[in-house]
>>> print(open('work-v2.cif').read())   # mmCIF, C-alpha atoms
data_query
loop_
_atom_site.label_atom_id
_atom_site.label_comp_id
_atom_site.auth_asym_id
_atom_site.auth_seq_id
_atom_site.Cartn_x
_atom_site.Cartn_y
_atom_site.Cartn_z
CA MET A 11 -58.32 -48.24 10.98
CA ILE A 12 -59.36 -46.48 7.76
CA THR A 13 -57.18 -46.42 4.66
CA LEU A 14 -57.19 -44.41 1.46
CA LYS A 15 -54.87 -45.31 -1.40
CA LEU A 16 -53.30 -42.12 -2.81
CA HIS A 17 -52.12 -42.87 -6.33
CA GLY A 18 -49.08 -40.81 -7.33
CA ILE A 19 -48.63 -39.20 -3.88
CA ASP A 20 -45.62 -39.86 -1.67
CA LEU A 21 -44.38 -38.71 1.75
CA ILE A 22 -42.59 -35.63 0.39
CA ASP A 23 -45.82 -34.49 -1.29
CA MET A 24 -47.68 -34.87 2.00
CA LYS A 25 -44.99 -32.87 3.84
CA ILE A 26 -45.26 -30.07 1.25
CA LEU A 27 -49.04 -29.94 1.76
CA GLU A 28 -48.59 -29.96 5.53
CA HIS A 29 -46.35 -26.88 5.41
CA LEU A 30 -48.54 -25.10 2.83
CA TYR A 31 -51.34 -24.84 5.39
CA SER A 32 -49.47 -22.03 7.16
CA ASP A 33 -46.85 -20.82 4.68
CA VAL A 34 -46.74 -20.48 0.87
CA ASN A 35 -43.09 -19.43 0.69
CA LEU A 36 -41.71 -22.31 -1.38
CA ALA A 37 -38.07 -21.57 -0.49
CA ARG A 38 -38.82 -21.83 3.25
CA ILE A 39 -40.81 -25.03 2.72
CA ALA A 40 -37.91 -26.53 0.72
CA ARG A 41 -35.44 -25.73 3.53
CA LYS A 42 -37.72 -27.25 6.20
CA ILE A 43 -38.14 -30.50 4.26
CA GLY A 44 -34.54 -30.61 3.02
CA ILE A 45 -35.17 -30.54 -0.72
CA SER A 46 -34.55 -27.99 -3.49
CA ASP A 47 -36.90 -25.13 -4.42
CA GLU A 48 -37.32 -26.60 -7.90
CA THR A 49 -38.38 -29.96 -6.45
CA VAL A 50 -41.12 -28.20 -4.46
CA ARG A 51 -42.32 -26.34 -7.57
CA ARG A 52 -42.29 -29.50 -9.70
CA ARG A 53 -44.22 -31.49 -7.12
CA LEU A 54 -46.76 -28.70 -6.68
CA ARG A 55 -47.44 -28.73 -10.42
CA LYS A 56 -48.22 -32.44 -10.04
CA LEU A 57 -50.38 -31.90 -6.94
CA TYR A 58 -52.44 -29.26 -8.74
CA ARG A 59 -54.07 -32.05 -10.72
CA TYR A 60 -56.03 -32.80 -7.53
CA GLY A 61 -57.22 -29.28 -6.73
CA ARG A 62 -55.96 -25.88 -5.58
CA ILE A 63 -54.38 -24.11 -2.63
CA THR A 64 -56.33 -20.92 -1.85
CA ILE A 65 -56.32 -18.38 0.97
CA GLU A 66 -58.95 -18.72 3.67
CA PRO A 67 -59.64 -15.08 4.59
CA ASP A 68 -61.36 -13.79 7.70
CA TYR A 69 -64.68 -12.96 6.03
CA PHE A 70 -65.88 -10.87 8.98
CA ALA A 71 -62.76 -8.70 8.75
CA LEU A 72 -63.64 -8.12 5.09
CA GLY A 73 -67.08 -6.85 6.10
CA LEU A 74 -68.70 -10.06 4.85
CA SER A 75 -70.77 -12.64 6.71
CA TYR A 76 -70.59 -16.39 6.15
CA SER A 77 -73.50 -18.76 5.66
CA VAL A 78 -74.95 -21.86 4.02
CA TYR A 79 -78.30 -22.04 2.22
CA ILE A 80 -79.90 -25.45 1.62
CA THR A 81 -83.00 -25.56 -0.57
CA ASN A 82 -85.19 -28.26 -2.09
CA ILE A 83 -85.32 -28.51 -5.89
CA ILE A 84 -88.41 -29.69 -7.75
CA PRO A 85 -87.06 -32.57 -9.90
CA THR A 86 -88.96 -31.83 -13.13
CA GLY A 87 -86.84 -32.93 -16.10
CA GLU A 88 -83.36 -31.41 -16.23
CA ILE A 89 -82.43 -29.40 -13.13
CA THR A 90 -81.49 -25.92 -14.33
CA ILE A 91 -80.46 -22.63 -12.80
CA ASN A 92 -79.41 -19.19 -14.00
CA LEU A 93 -75.81 -19.10 -12.81
CA ARG A 94 -75.16 -15.70 -14.38
CA ILE A 95 -77.38 -14.10 -11.75
CA LEU A 96 -76.08 -16.19 -8.85
CA GLU A 97 -72.43 -15.47 -9.70
CA GLU A 98 -73.04 -11.89 -8.59
CA CYS A 99 -74.83 -12.92 -5.42
CA TYR A 100 -71.73 -13.35 -3.21
CA ILE A 101 -71.82 -17.11 -3.70
CA LEU A 102 -68.61 -19.02 -2.92
CA SER A 103 -69.75 -22.47 -4.04
CA LEU A 104 -72.76 -24.37 -5.36
CA SER A 105 -73.31 -28.11 -5.24
CA ARG A 106 -76.21 -30.47 -5.79
CA LEU A 107 -77.16 -32.70 -2.86
CA LEU A 108 -78.80 -36.11 -3.33
CA SER A 109 -80.68 -36.41 -0.05
CA PRO A 110 -83.32 -38.76 1.41
CA GLU A 111 -85.78 -35.91 0.76
CA GLY A 112 -84.82 -35.72 -2.94
CA LEU A 113 -82.60 -33.30 -4.85
CA ARG A 114 -81.40 -30.28 -2.86
CA LEU A 115 -79.03 -27.40 -3.58
CA LEU A 116 -76.21 -26.53 -1.20
CA ALA A 117 -74.96 -22.94 -1.56
CA VAL A 118 -72.12 -21.40 0.46
CA LEU A 119 -72.49 -17.61 0.67
CA ALA A 120 -70.50 -14.64 1.93
CA PRO A 121 -72.90 -11.67 1.68
CA PRO A 122 -71.98 -8.25 3.15
CA LEU A 123 -72.95 -7.88 6.80
CA ASN A 124 -75.36 -5.02 6.04
CA LEU A 125 -76.93 -6.74 3.01
CA GLU A 126 -77.55 -10.25 4.37
CA GLY A 127 -81.34 -9.94 4.51
CA GLU A 128 -81.67 -8.32 1.10
CA ILE A 129 -79.45 -10.87 -0.65
CA LEU A 130 -81.18 -13.74 1.15
CA ASN A 131 -84.52 -12.58 -0.27
CA ILE A 132 -83.02 -12.54 -3.77
CA ILE A 133 -81.55 -16.02 -3.25
CA LYS A 134 -84.97 -17.27 -2.12
CA GLY A 135 -86.49 -15.79 -5.27
CA ILE A 136 -84.00 -17.69 -7.43
CA LEU A 137 -83.67 -20.97 -5.54
CA GLY A 138 -86.97 -21.10 -3.68
CA PRO A 139 -87.53 -21.40 0.09
CA GLY A 140 -84.85 -23.15 2.11
CA GLU A 141 -82.84 -23.29 5.30
CA TYR A 142 -80.48 -20.41 6.01
CA ILE A 143 -77.58 -21.34 8.32
CA PRO A 144 -75.30 -18.52 9.57
CA LEU A 145 -71.75 -19.76 10.14
CA THR A 146 -68.43 -18.79 11.58
CA ASN A 147 -65.35 -19.11 9.42
CA PRO A 148 -64.93 -22.77 8.48
CA VAL A 149 -62.43 -25.16 10.01
CA LYS A 150 -60.89 -26.82 6.95
CA TRP A 151 -58.82 -29.96 6.58
CA ARG A 152 -55.28 -29.47 7.85
CA PRO A 153 -52.88 -31.88 6.09
CA SER A 154 -50.74 -34.16 8.23
CA ALA A 155 -47.93 -36.39 6.92
CA ARG A 156 -48.15 -38.34 10.17
CA TYR A 157 -50.91 -40.61 8.85
CA PHE A 158 -49.28 -41.31 5.47
CA ASN A 159 -47.61 -44.70 5.01
CA PRO A 160 -44.86 -44.26 2.35
CA ALA A 161 -44.42 -48.04 1.95
CA THR A 162 -48.01 -48.63 0.81
CA CYS A 163 -48.90 -45.05 -0.32
CA GLU A 164 -51.94 -45.25 1.95
CA TYR A 165 -53.38 -42.62 4.25
CA LEU A 166 -54.13 -44.35 7.55
CA TYR A 167 -56.30 -43.26 10.43
CA ASP A 168 -57.25 -45.07 13.60
CA TRP A 169 -60.87 -44.78 14.81
CA SER A 170 -59.84 -45.79 18.35
CA GLU A 171 -57.29 -42.94 18.44
CA ALA A 172 -60.02 -40.48 17.49
CA LEU A 173 -62.29 -41.80 20.25
CA ARG A 174 -59.48 -41.53 22.81
CA LYS A 175 -58.87 -37.90 21.85
CA ILE A 176 -62.55 -37.02 22.19
CA PHE A 177 -63.01 -38.83 25.51
CA ASN A 178 -59.81 -37.25 26.89
CA GLY A 179 -61.21 -33.80 26.11
CA VAL A 180 -58.39 -32.41 23.95
CA LYS A 181 -59.64 -29.06 22.64
CA TYR A 182 -59.07 -27.75 19.15
CA PRO A 183 -56.79 -24.73 19.79
CA GLN A 184 -57.90 -22.49 16.90
CA PHE A 185 -61.64 -22.61 17.53
CA SER A 186 -62.81 -19.49 19.34
CA LEU A 187 -65.99 -17.44 19.37
CA LEU A 188 -63.80 -14.32 19.30
CA GLU A 189 -63.40 -14.94 15.57
CA LEU A 190 -67.02 -13.90 15.04
CA ARG A 191 -66.52 -10.17 15.52
CA SER A 192 -65.87 -7.91 12.56
CA LEU A 193 -62.48 -6.25 12.82
CA GLY A 194 -63.71 -3.19 10.97
CA ARG A 195 -60.53 -3.08 8.90
CA MET A 196 -60.50 -0.39 6.21
CA LEU A 197 -59.81 -1.95 2.81
CA ASP A 198 -59.71 -0.47 -0.66
CA GLU A 199 -60.18 -1.82 -4.20
CA ILE A 200 -56.53 -2.92 -4.52
CA ASP A 201 -56.77 -4.98 -1.31
CA ILE A 202 -59.94 -6.72 -2.53
CA ILE A 203 -58.39 -7.47 -5.93
CA ILE A 204 -55.36 -9.08 -4.24
CA ILE A 205 -57.68 -11.13 -1.99
CA LYS A 206 -59.75 -12.22 -4.99
CA GLU A 207 -56.70 -13.41 -6.94
CA LEU A 208 -55.30 -15.29 -3.92
CA HIS A 209 -58.77 -16.73 -3.31
CA LYS A 210 -58.46 -18.33 -6.77
CA ASP A 211 -54.88 -19.52 -6.24
CA ALA A 212 -52.79 -18.72 -3.17
CA LEU A 213 -49.56 -19.39 -5.07
CA THR A 214 -50.20 -16.58 -7.56
CA SER A 215 -47.23 -14.24 -7.28
CA LEU A 216 -47.75 -10.60 -6.36
CA THR A 217 -45.73 -9.75 -9.48
CA ASP A 218 -48.34 -11.49 -11.64
CA ILE A 219 -51.14 -9.65 -9.81
CA ALA A 220 -49.35 -6.35 -10.45
CA LYS A 221 -49.04 -7.14 -14.18
CA LYS A 222 -52.65 -8.26 -14.42
CA THR A 223 -53.98 -5.11 -12.74
CA GLY A 224 -51.48 -2.68 -14.31
CA THR A 225 -50.33 -1.56 -10.84
CA TYR A 226 -46.81 -0.91 -9.60
CA GLN A 227 -45.34 -4.02 -7.97
CA GLN A 228 -44.21 -2.03 -4.91
CA LYS A 229 -47.79 -0.84 -4.38
CA ILE A 230 -49.14 -4.41 -4.53
CA TRP A 231 -46.50 -5.55 -2.03
CA TYR A 232 -47.37 -2.69 0.34
CA HIS A 233 -51.09 -3.49 0.25
CA PHE A 234 -50.46 -7.20 0.75
CA VAL A 235 -48.18 -6.75 3.78
CA LYS A 236 -50.19 -3.92 5.37
CA HIS A 237 -53.80 -5.02 4.80
CA VAL A 238 -54.17 -8.49 3.23
CA SER A 239 -51.67 -10.62 5.15
CA PRO A 240 -53.20 -9.84 8.61
CA ILE A 241 -56.62 -11.22 7.56
CA ILE A 242 -55.41 -14.51 6.05
CA ARG A 243 -56.47 -17.17 8.58
CA HIS A 244 -54.63 -20.02 6.82
CA TYR A 245 -54.29 -21.59 3.39
CA ASP A 246 -57.05 -23.95 2.28
CA ILE A 247 -55.67 -27.20 0.84
CA ASN A 248 -58.70 -27.69 -1.36
CA MET A 249 -57.78 -31.05 -2.87
CA ILE A 250 -59.56 -34.37 -3.32
CA PHE A 251 -57.15 -37.22 -3.99
CA ILE A 252 -59.72 -39.78 -5.03
CA SER A 253 -62.51 -39.11 -7.51
CA PRO A 254 -65.95 -38.43 -5.95
CA THR A 255 -67.38 -40.67 -8.68
CA LEU A 256 -65.55 -43.61 -7.02
CA ILE A 257 -66.15 -42.61 -3.39
CA PRO A 258 -68.78 -39.85 -3.11
CA LEU A 259 -68.73 -37.02 -0.58
CA SER A 260 -71.38 -37.29 2.15
CA LEU A 261 -72.79 -34.46 4.25
CA TYR A 262 -73.70 -34.87 7.94
CA ARG A 263 -75.08 -32.51 10.54
CA ILE A 264 -73.93 -33.14 14.11
CA ASP A 265 -75.17 -31.40 17.27
CA PHE A 266 -72.97 -31.53 20.39
CA LYS A 267 -73.88 -31.11 24.04
CA ASN A 268 -71.56 -28.09 24.35
CA PHE A 269 -68.73 -26.24 22.60
CA ASN A 270 -66.07 -28.19 24.53
CA HIS A 271 -67.28 -31.46 22.98
CA LEU A 272 -67.41 -29.82 19.54
CA SER A 273 -63.83 -28.60 20.00
CA THR A 274 -62.53 -32.06 20.97
CA PHE A 275 -64.26 -33.61 17.94
CA ILE A 276 -62.60 -31.09 15.60
CA ASP A 277 -59.22 -31.79 17.19
CA ALA A 278 -59.66 -35.51 16.56
CA PHE A 279 -60.56 -35.21 12.88
CA HIS A 280 -59.36 -31.93 11.34
CA LYS A 281 -56.06 -33.52 10.18
CA ASP A 282 -57.75 -36.55 8.66
CA LEU A 283 -57.94 -36.60 4.88
CA HIS A 284 -61.35 -38.30 4.92
CA PHE A 285 -63.09 -35.37 6.65
CA ARG A 286 -63.00 -32.48 4.26
CA VAL A 287 -64.77 -29.54 5.91
CA MET A 288 -66.10 -28.71 9.36
CA ILE A 289 -68.13 -25.52 9.73
CA PRO A 290 -69.13 -24.48 13.28
CA PHE A 291 -72.39 -22.57 13.63
CA ARG A 292 -72.29 -19.16 15.26
CA TYR A 293 -74.34 -19.63 18.38
CA LYS A 294 -74.88 -23.36 18.92
CA PRO A 295 -72.49 -26.34 19.15
CA SER A 296 -73.30 -27.90 15.77
CA ILE A 297 -71.31 -28.67 12.65
CA LEU A 298 -71.78 -29.61 9.03
CA LEU A 299 -69.30 -32.33 8.13
CA ILE A 300 -68.30 -33.54 4.67
CA THR A 301 -66.73 -37.01 4.55
CA GLN A 302 -65.33 -39.25 1.83
CA LEU A 303 -65.50 -42.78 3.23
CA SER A 304 -65.79 -46.28 1.77
CA HIS A 305 -68.88 -48.31 2.67
CA PRO A 306 -67.21 -50.24 5.54
CA ASP A 307 -65.83 -46.99 6.98
CA ILE A 308 -69.23 -45.29 6.77
CA LEU A 309 -70.52 -48.02 9.09
CA ARG A 310 -67.56 -47.49 11.45
CA PHE A 311 -68.15 -43.74 11.42
CA ILE A 312 -71.85 -44.17 12.26
CA ASP A 313 -70.83 -46.57 15.04
CA LEU A 314 -68.46 -43.89 16.40
CA LEU A 315 -71.27 -41.31 16.36
CA LEU A 316 -73.57 -43.72 18.21
CA LYS A 317 -70.91 -44.24 20.89
CA LEU A 318 -70.49 -40.47 21.28
CA LYS A 319 -74.27 -40.11 21.57
CA LYS A 320 -74.36 -42.84 24.22
CA HIS A 321 -71.73 -40.95 26.26
CA ASN A 322 -73.68 -37.65 25.96
CA ILE A 323 -71.05 -35.97 23.77
CA ILE A 324 -73.38 -35.79 20.77
CA SER A 325 -77.04 -34.92 21.21
CA TYR A 326 -78.17 -35.45 17.61
CA PHE A 327 -76.79 -36.32 14.18
CA ARG A 328 -78.37 -36.58 10.78
CA TYR A 329 -77.30 -37.79 7.35
CA GLU A 330 -78.06 -34.94 4.92
CA GLY A 331 -77.13 -36.72 1.68
CA ILE A 332 -74.47 -37.21 -0.99
CA ILE A 333 -72.88 -34.28 -2.83
CA ASP A 334 -73.40 -34.94 -6.55
CA PRO A 335 -69.90 -35.11 -8.14
CA ARG A 336 -71.37 -34.17 -11.52
CA TYR A 337 -72.13 -30.68 -10.26
CA LEU A 338 -69.65 -28.80 -8.08
CA LYS A 339 -69.06 -25.10 -8.74
CA ALA A 340 -66.61 -22.80 -6.96
CA TYR A 341 -66.52 -19.00 -7.13
CA THR A 342 -64.28 -16.28 -5.74
CA ILE A 343 -64.99 -13.11 -3.76
CA PRO A 344 -66.59 -10.66 -6.27
CA SER A 345 -64.12 -7.76 -6.25
CA ASN A 346 -66.22 -5.92 -8.87
CA LEU A 347 -68.90 -5.36 -6.20
CA PHE A 348 -66.53 -3.49 -3.85
CA LYS A 349 -66.78 0.26 -4.59
CA LYS A 350 -65.50 3.22 -2.59
CA GLY A 351 -64.72 1.13 0.48
CA ARG A 352 -68.05 -0.73 0.68
CA TRP A 353 -69.84 -3.75 -0.74
CA ILE A 354 -72.78 -3.10 -3.07
CA LEU A 355 -75.54 -4.95 -4.92
CA SER A 356 -75.00 -5.36 -8.65
CA LYS A 357 -77.43 -3.87 -11.18
CA LYS A 358 -78.22 -7.40 -12.32
CA LEU A 359 -79.35 -8.38 -8.84
CA LEU A 360 -81.40 -5.22 -8.39
CA GLU A 361 -83.15 -5.90 -11.70
CA ALA A 362 -83.77 -9.49 -10.63
CA LYS A 363 -85.38 -8.24 -7.43
CA LYS A 364 -87.76 -5.98 -9.37
CA ILE A 365 -88.68 -8.38 -12.17
CA GLY A 366 -89.10 -11.43 -9.97
CA SER A 367 -88.68 -15.07 -10.84
CA VAL A 368 -90.04 -14.81 -14.43
CA MET A 369 -86.67 -13.72 -15.87
CA PHE A 370 -84.94 -16.76 -14.36
CA ARG A 371 -87.02 -19.15 -16.47
CA ARG A 372 -86.25 -17.54 -19.83
CA GLU A 373 -82.59 -18.33 -20.42
CA LEU A 374 -81.76 -21.24 -18.17
CA GLU A 375 -78.33 -22.84 -18.24
CA ARG A 376 -77.86 -26.57 -17.71
CA PHE A 377 -77.46 -27.38 -14.02
#
>>> encode(input="work-v2.cif", output="structure tokens")
Amino acid sequence: MITLKLHGIDLIDMKILEHLYSDVNLARIARKIGISDETVRRRLRKLYRYGRITIEPDYFALGLSYSVYITNIIPTGEITINLRILEECYILSLSRLLSPEGLRLLAVLAPPLNLEGEILNIIKGILGPGEYIPLTNPVKWRPSARYFNPATCEYLYDWSEALRKIFNGVKYPQFSLLELRSLGRMLDEIDIIIIKELHKDALTSLTDIAKKTGTYQQKIWYHFVKHVSPIIRHYDINMIFISPTLIPLSLYRIDFKNFNHLSTFIDAFHKDLHFRVMIPFRYKPSILLITQLSHPDILRFIDLLLKLKKHNIISYFRYEGIIDPRYLKAYTIPSNLFKKGRWILSKKLLEAKKIGSVMFRRELERF
């Protein structure tokens, strides 16, 4: 049994988060739980101290790919990087990884499908050589009030229950290779702007987006219903309820014998608060897994992995390192790079490609 004390969180908060995974209509959520709309709004304001709720779009339907780039960093003095260039490189997040091999950089990217190679070369020029991992859309944490104990305000999870699920072969229902194809949906600048704003905060009202963009509210509503809503996979509950400085986030890579075993593993853990992100690879049954576990639970987790390896469910697993809580950066989809129905490279990136790595060493920002 693993426990995590959630200070300031109660059962109603957990139920709100559970419903927010699939619906951001606060009035409907209030009716389902049996509380007032204002109570939901007030509690959400409190929950936003721990993070954000954002949309998780189908990147392939947007004409974007999805990938991770892990590179080694030469630890000479202060680690620095020119973020101004990278911000226009279709980067969704950057984090520093403290690994057995030394300092590494973990970048999550969503480059356009037709510009993957070109942008990867630019990334290599900025960050240096590294490992490029093409991904499907990620399987994020899905909140579940089932494991929350309101008497102790602890989030409980049973390792033996997880093992039973995996051995019984229960498959994760939403994981499918069909998600990999691009839908070829035609989007325009208004659609991308709406997606960008909801990628920052899924609870942003369409009225506020209309005011911010100077567009008629009816037009924003039409574009959301017609084009944006169909490509929202779910809502990402991007919250961490305990500081990473107290319990750091660890990254693991796990290879499974087949996709069925991968699917059963996801089903066992995707509602557990301790396992933040699972990202299936495109063509092989492997995942990157971010966990936030106490020292005793890390040992139990490793023991679970060893048991799965013994039963030929896992073929290989590796500890990649700890995500440095002092450096975590998140970015949104760059709507300014969507012109006339297609994604483009910014002038800044094109200049960077011509000039090379010299310009990146001139005005370095603290990393």
>>> resolve_selection(input="work-v2.cif", expression="the PyMOL selection byres ((chain A and resi 271-276) around 12)", output="ChimeraX atom specification")
/A:148-152,171-187,264-270,277-282,285-291,294-299,314-315,318-319,321-325
>>> write_last_selection(input="work-v2.cif", atoms="C-alpha atoms", output="PDB file, in the coordinates of the input")
ATOM      1  CA  PRO A 148     -64.930 -22.770   8.480  1.00  0.00           C
ATOM      2  CA  VAL A 149     -62.430 -25.160  10.010  1.00  0.00           C
ATOM      3  CA  LYS A 150     -60.890 -26.820   6.950  1.00  0.00           C
ATOM      4  CA  TRP A 151     -58.820 -29.960   6.580  1.00  0.00           C
ATOM      5  CA  ARG A 152     -55.280 -29.470   7.850  1.00  0.00           C
ATOM      6  CA  GLU A 171     -57.290 -42.940  18.440  1.00  0.00           C
ATOM      7  CA  ALA A 172     -60.020 -40.480  17.490  1.00  0.00           C
ATOM      8  CA  LEU A 173     -62.290 -41.800  20.250  1.00  0.00           C
ATOM      9  CA  ARG A 174     -59.480 -41.530  22.810  1.00  0.00           C
ATOM     10  CA  LYS A 175     -58.870 -37.900  21.850  1.00  0.00           C
ATOM     11  CA  ILE A 176     -62.550 -37.020  22.190  1.00  0.00           C
ATOM     12  CA  PHE A 177     -63.010 -38.830  25.510  1.00  0.00           C
ATOM     13  CA  ASN A 178     -59.810 -37.250  26.890  1.00  0.00           C
ATOM     14  CA  GLY A 179     -61.210 -33.800  26.110  1.00  0.00           C
ATOM     15  CA  VAL A 180     -58.390 -32.410  23.950  1.00  0.00           C
ATOM     16  CA  LYS A 181     -59.640 -29.060  22.640  1.00  0.00           C
ATOM     17  CA  TYR A 182     -59.070 -27.750  19.150  1.00  0.00           C
ATOM     18  CA  PRO A 183     -56.790 -24.730  19.790  1.00  0.00           C
ATOM     19  CA  GLN A 184     -57.900 -22.490  16.900  1.00  0.00           C
ATOM     20  CA  PHE A 185     -61.640 -22.610  17.530  1.00  0.00           C
ATOM     21  CA  SER A 186     -62.810 -19.490  19.340  1.00  0.00           C
ATOM     22  CA  LEU A 187     -65.990 -17.440  19.370  1.00  0.00           C
ATOM     23  CA  ILE A 264     -73.930 -33.140  14.110  1.00  0.00           C
ATOM     24  CA  ASP A 265     -75.170 -31.400  17.270  1.00  0.00           C
ATOM     25  CA  PHE A 266     -72.970 -31.530  20.390  1.00  0.00           C
ATOM     26  CA  LYS A 267     -73.880 -31.110  24.040  1.00  0.00           C
ATOM     27  CA  ASN A 268     -71.560 -28.090  24.350  1.00  0.00           C
ATOM     28  CA  PHE A 269     -68.730 -26.240  22.600  1.00  0.00           C
ATOM     29  CA  ASN A 270     -66.070 -28.190  24.530  1.00  0.00           C
ATOM     30  CA  ASP A 277     -59.220 -31.790  17.190  1.00  0.00           C
ATOM     31  CA  ALA A 278     -59.660 -35.510  16.560  1.00  0.00           C
ATOM     32  CA  PHE A 279     -60.560 -35.210  12.880  1.00  0.00           C
ATOM     33  CA  HIS A 280     -59.360 -31.930  11.340  1.00  0.00           C
ATOM     34  CA  LYS A 281     -56.060 -33.520  10.180  1.00  0.00           C
ATOM     35  CA  ASP A 282     -57.750 -36.550   8.660  1.00  0.00           C
ATOM     36  CA  PHE A 285     -63.090 -35.370   6.650  1.00  0.00           C
ATOM     37  CA  ARG A 286     -63.000 -32.480   4.260  1.00  0.00           C
ATOM     38  CA  VAL A 287     -64.770 -29.540   5.910  1.00  0.00           C
ATOM     39  CA  MET A 288     -66.100 -28.710   9.360  1.00  0.00           C
ATOM     40  CA  ILE A 289     -68.130 -25.520   9.730  1.00  0.00           C
ATOM     41  CA  PRO A 290     -69.130 -24.480  13.280  1.00  0.00           C
ATOM     42  CA  PHE A 291     -72.390 -22.570  13.630  1.00  0.00           C
ATOM     43  CA  LYS A 294     -74.880 -23.360  18.920  1.00  0.00           C
ATOM     44  CA  PRO A 295     -72.490 -26.340  19.150  1.00  0.00           C
ATOM     45  CA  SER A 296     -73.300 -27.900  15.770  1.00  0.00           C
ATOM     46  CA  ILE A 297     -71.310 -28.670  12.650  1.00  0.00           C
ATOM     47  CA  LEU A 298     -71.780 -29.610   9.030  1.00  0.00           C
ATOM     48  CA  LEU A 299     -69.300 -32.330   8.130  1.00  0.00           C
ATOM     49  CA  LEU A 314     -68.460 -43.890  16.400  1.00  0.00           C
ATOM     50  CA  LEU A 315     -71.270 -41.310  16.360  1.00  0.00           C
ATOM     51  CA  LEU A 318     -70.490 -40.470  21.280  1.00  0.00           C
ATOM     52  CA  LYS A 319     -74.270 -40.110  21.570  1.00  0.00           C
ATOM     53  CA  HIS A 321     -71.730 -40.950  26.260  1.00  0.00           C
ATOM     54  CA  ASN A 322     -73.680 -37.650  25.960  1.00  0.00           C
ATOM     55  CA  ILE A 323     -71.050 -35.970  23.770  1.00  0.00           C
ATOM     56  CA  ILE A 324     -73.380 -35.790  20.770  1.00  0.00           C
ATOM     57  CA  SER A 325     -77.040 -34.920  21.210  1.00  0.00           C
TER      58      SER A 325
END
>>> closest_residue(input="work-v2.cif", among="A:Asp211, A:Met249, A:Arg59, A:Lys206", to="Thr223 in chain A", atoms="all atoms listed in the file")
A:Lys206
>>> closest_atom_pairs(input="work-v2.cif", of="range 193-281 of chain A", to="range 103-119 of chain A", cutoff="10 Å", atoms="all atoms listed in the file", output="CSV")
residue,atom,partner,partner_atom,distance
A:Leu259,CA,A:Leu107,CA,9.7
A:Ser260,CA,A:Leu107,CA,8.9
A:Leu261,CA,A:Leu107,CA,8.5
>>> closest_atom_pairs(input="work-v2.cif", of="range 130-221 of chain A", to="range 335-347 of chain A", cutoff="7 Å", atoms="all atoms listed in the file", output="CSV")
residue,atom,partner,partner_atom,distance
A:Ile202,CA,A:Ser345,CA,5.7
A:Ile203,CA,A:Ser345,CA,5.7
A:Lys206,CA,A:Ile343,CA,5.5
A:His209,CA,A:Thr342,CA,6.0
A:Lys210,CA,A:Thr342,CA,6.3
>>> resolve_selection(input="work-v2.cif", expression="the PyMOL selection byres ((chain A and resi 68) around 9)", output="JSON, numbers by chain")
{"A": [66, 67, 69, 70, 71, 72, 74, 147, 189, 192, 241, 242, 243]}
>>> atom_distance(input="work-v2.cif", atom1="CA of Ile63 in chain A", atom2="CA of Ile247 in chain A")
4.8 Å
>>> residues_around(input="work-v2.cif", residues="Leu57 in chain A", least_positions_apart="3", cutoff="10 Å", atoms="all atoms listed in the file", output="ChimeraX atom specification")
/A:18-19,23-24,26-27,51-54,60-63,249,251
>>> write_last_selection(input="work-v2.cif", atoms="C-alpha atoms", output="mmCIF file, in the coordinates of the input")
data_model
loop_
_atom_site.group_PDB
_atom_site.id
_atom_site.type_symbol
_atom_site.label_atom_id
_atom_site.label_comp_id
_atom_site.auth_asym_id
_atom_site.auth_seq_id
_atom_site.Cartn_x
_atom_site.Cartn_y
_atom_site.Cartn_z
ATOM 1 C CA GLY A 18 -49.080 -40.810 -7.330
ATOM 2 C CA ILE A 19 -48.630 -39.200 -3.880
ATOM 3 C CA ASP A 23 -45.820 -34.490 -1.290
ATOM 4 C CA MET A 24 -47.680 -34.870 2.000
ATOM 5 C CA ILE A 26 -45.260 -30.070 1.250
ATOM 6 C CA LEU A 27 -49.040 -29.940 1.760
ATOM 7 C CA ARG A 51 -42.320 -26.340 -7.570
ATOM 8 C CA ARG A 52 -42.290 -29.500 -9.700
ATOM 9 C CA ARG A 53 -44.220 -31.490 -7.120
ATOM 10 C CA LEU A 54 -46.760 -28.700 -6.680
ATOM 11 C CA TYR A 60 -56.030 -32.800 -7.530
ATOM 12 C CA GLY A 61 -57.220 -29.280 -6.730
ATOM 13 C CA ARG A 62 -55.960 -25.880 -5.580
ATOM 14 C CA ILE A 63 -54.380 -24.110 -2.630
ATOM 15 C CA MET A 249 -57.780 -31.050 -2.870
ATOM 16 C CA PHE A 251 -57.150 -37.220 -3.990
#
>>> closest_residue(input="work-v2.cif", among="A:Leu125, A:Ile65, A:Ala37, A:Leu360", to="Asn248 in chain A", atoms="only C-alpha atoms")
A:Ile65
>>> residues_around(input="work-v2.cif", residues="Asp47 in chain A", least_positions_apart="3", cutoff="10 Å", atoms="only C-alpha atoms", output="JSON, numbers by chain")
{"A": [35, 36, 37, 38, 39, 40, 41, 44, 50, 51, 52]}
>>> residues_around(input="work-v2.cif", residues="Tyr165 in chain A", least_positions_apart="6", cutoff="12 Å", atoms="all atoms listed in the file", output="list in words")
Met11, Ile12, Thr13, Leu14, Lys15, Leu16, His17, Ile19, Asp20, Leu21, Met24, Pro153, Ser154, Ala155, Arg156, Tyr157, Phe158, Asn159, Phe251, Ile252, Lys281, Asp282, Leu283 and His284 of chain A
>>> atom_distance(input="work-v2.cif", atom1="CA of Leu197 in chain A", atom2="CA of His237 in chain A")
7.0 Å
>>> atom_distance(input="work-v2.cif", atom1="CA of Lys42 in chain A", atom2="CA of His29 in chain A")
8.7 Å
